[in-house]
Amino acid sequence: MKKQLLATIVGLNITAVAQAATPSMEEMWQMIQQQQGEIATLKQQLRNNDARIQETEVIAEATISAVEQISMAPSASSKTTFGGYGELHYNSLDRDDSSASKDEMDFHRFVMFTGHQFSDNVRFFSELEVEHSVAGDDQPGEVELEQAYIEWDLASQHSAKAGLFLLPIGVINETHEPNTFYGTERNNVEKNIIPATWWEGGAAIKGEISEGLSYDAAIHSGLFLDAGEYKPRDGRQKVGKARADDFAFTGRLKYTAIPGLEIAASVQIQQDVRQGEGETIGGTLFETHVAWQRDDFQLRALYAQWDFDSAINNIAAGADEQTGFYIEPSYRISDNIGLFARYSEYDNLAGSATNTAVEQVDIGLNYWLHPNVVFKIDYQNQDTPTETGYDGFNMGVGYSF
Amino acid sequence: MLKQLYRAALLTTAAACFVFTSLASFSVNAKGVYQSGPDFFTEVFAQQQAESKVLWLTPEIRSQAAAIVGHPVRGLRIRYHQSDSKTAWILEEIGKEMPITIGVVVEDDVIQQVKILAYRESRGGEVRYPAYTAQYKGAALQEDYQLNRNIDGITGATLSMWAVNKVAALALYYHAAVNQSSATHQP
């Protein structure tokens, strides 16, 4: 009985609670209206947020673009470029007849490049060099302007330049940064026959005839051999108030269509290396070379020959023909170390009946601390008919940037 | 005889200068630009639907990219195109003085194509020859972030060759970074 009474009381309470929690139709309608209002508000907030997100994306894009433009746009100063190279040499050499030795430390070259891009198709380039560290009266070195020219593009594959420029002859005359060649000192053939480094003042054009076949042609100041001189190296006037009674012409064809292979031939015609003084002496230089790289192996070979009018024999017998050649195999044993050997021979009196050739064998290695920084060590054995050749070690450090 | 040769050469050169100067008026701006970026992407993805994407240069990516090219990398992001596992990049690197614009296509972490789109240096333009750029096809990135093969160089074009090598390695690294990033974000 008690249990039935208890159940009845509990049931009545639940019903009362349930009746109290159930809203009426009117309340339900109000709740729905209220929720609709909230949904509408949320929708509006969502639309506002979408708009803000889009606006933020636009602002972010504009900001990023502006930052990129500022950070990546070439500034006025970037139109002017600066670079350079240099090399310190140590030579420890003894003459074959033991009458002399050469033990010296020499900052052989300190070079600064400056270039300026006037427009897309007009530019300036220059190279200023201090040789042997100290220049001046009774000092071993000199300050030289080796390049200073204006170059402009004539057409898509053709350009011209005017000013003071390196002549397009040989391997190292135009590209001679120390990290680009083997051996502490530059090879004797290009130095004494061509003679590198060789620059003149004038005008030139260059371009591509077809893919991999390029040409150079230049009209420029010529050599001047003063009284008693017969070697081309002595005739370089370095464009310093240079005698220009007679100009010279240089032409080159270069084939580079196959990766790793360069074959080139240059011809130069000198109208009169006496520049109008005394008997006229004309001259023609022919130079050809091949540079071939396959994987870690590289081979460079060069031949150069001067033919002067026979009148030069009145200065030095046999100077009417001056020749030289070298062959230089090398092998890169790692990314940093390369070994080389070079056999070279040159003769500034090759037209004479007697043997006057200078032979030299070099072996050594380059160690690249960085692709632009190189240490070098090599041994040279030089032989001349008069026992005046120098043998010994050369060491050096060089850089370019 | 020598004087005659000299005069002939003088006249020939002068005539050539005149002809080229005449040509200059209408073709001077063509110098150096061989293909535009959009044309390159169109050519690369001719048969595929490619999506234009952006790789943000996070501090980690920026640091590694700088190590590969040897100098700080400019900009905040790199735009590229992608279709499946194939990505195409247009990157610039200075050879000696002027930037070389280079297109690189990478698929499955291997270079499919390197193409010089613009070359502005005075010397070393031989790197744009297809015979040269074909050497990069099949190259991949080693653990030290160097290319896994030798590239036969061109005498006198060493700096340009280094620039192309750097860009090829950089594109391979960016490709790997993109794939690593998308793999991370996969559910």
# chains A, B, ... in the order shown; residues from 1 in each chain; ligands from 1

$ residues_around --residues "A:Asp226" --least-positions-apart "6" --cutoff "10 Å" --atoms "only C-alpha atoms" --output "short mmCIF file (atom, residue, chain, number, x, y, z; two decimals) with N, CA and C atoms, in the first residue's frame"
data_model
loop_
_atom_site.label_atom_id
_atom_site.label_comp_id
_atom_site.auth_asym_id
_atom_site.auth_seq_id
_atom_site.Cartn_x
_atom_site.Cartn_y
_atom_site.Cartn_z
N ASP A 234 108.64 42.54 -76.67
CA ASP A 234 109.26 43.86 -76.50
C ASP A 234 108.49 44.93 -77.27
N GLY A 235 107.65 44.51 -78.20
CA GLY A 235 106.96 45.48 -79.05
C GLY A 235 105.63 45.95 -78.51
N VAL A 273 105.92 46.76 -87.92
CA VAL A 273 106.22 46.78 -86.48
C VAL A 273 107.29 47.82 -86.14
N ARG A 274 107.84 48.50 -87.14
CA ARG A 274 108.78 49.61 -86.90
C ARG A 274 108.05 50.94 -86.88
N GLN A 275 106.75 50.89 -87.17
CA GLN A 275 105.91 52.10 -87.13
C GLN A 275 106.55 53.26 -87.90
N GLU A 277 109.64 53.78 -88.80
CA GLU A 277 111.06 54.12 -88.59
C GLU A 277 111.94 53.12 -89.33
#

$ closest_atom_pairs --of "chain A" --to "chain B" --cutoff "6 Å" --atoms "only C-alpha atoms" --output "JSON lines"
{"residue": "A:Glu68", "atom": "CA", "partner": "B:Gly75", "partner_atom": "CA", "distance": 5.2}
{"residue": "A:Leu154", "atom": "CA", "partner": "B:Ala24", "partner_atom": "CA", "distance": 4.6}
{"residue": "A:Ala155", "atom": "CA", "partner": "B:Val28", "partner_atom": "CA", "distance": 4.8}
{"residue": "A:Ser156", "atom": "CA", "partner": "B:Lys31", "partner_atom": "CA", "distance": 4.0}
{"residue": "A:Pro259", "atom": "CA", "partner": "B:Tyr132", "partner_atom": "CA", "distance": 5.3}
{"residue": "A:Gly260", "atom": "CA", "partner": "B:Asp152", "partner_atom": "CA", "distance": 4.8}
{"residue": "A:Arg294", "atom": "CA", "partner": "B:Asp152", "partner_atom": "CA", "distance": 6.0}
{"residue": "A:Asp295", "atom": "CA", "partner": "B:Asn150", "partner_atom": "CA", "distance": 5.8}

$ select_by_dssp --residues "stretch 33-258 of chain A" --states "alpha helix (DSSP H)" --output "ChimeraX atom specification"
/A:33-72,188-192

$ atom_distance --atom1 "atom CA of A:Tyr367" --atom2 "atom CA of A:Tyr90"
15.9 Å
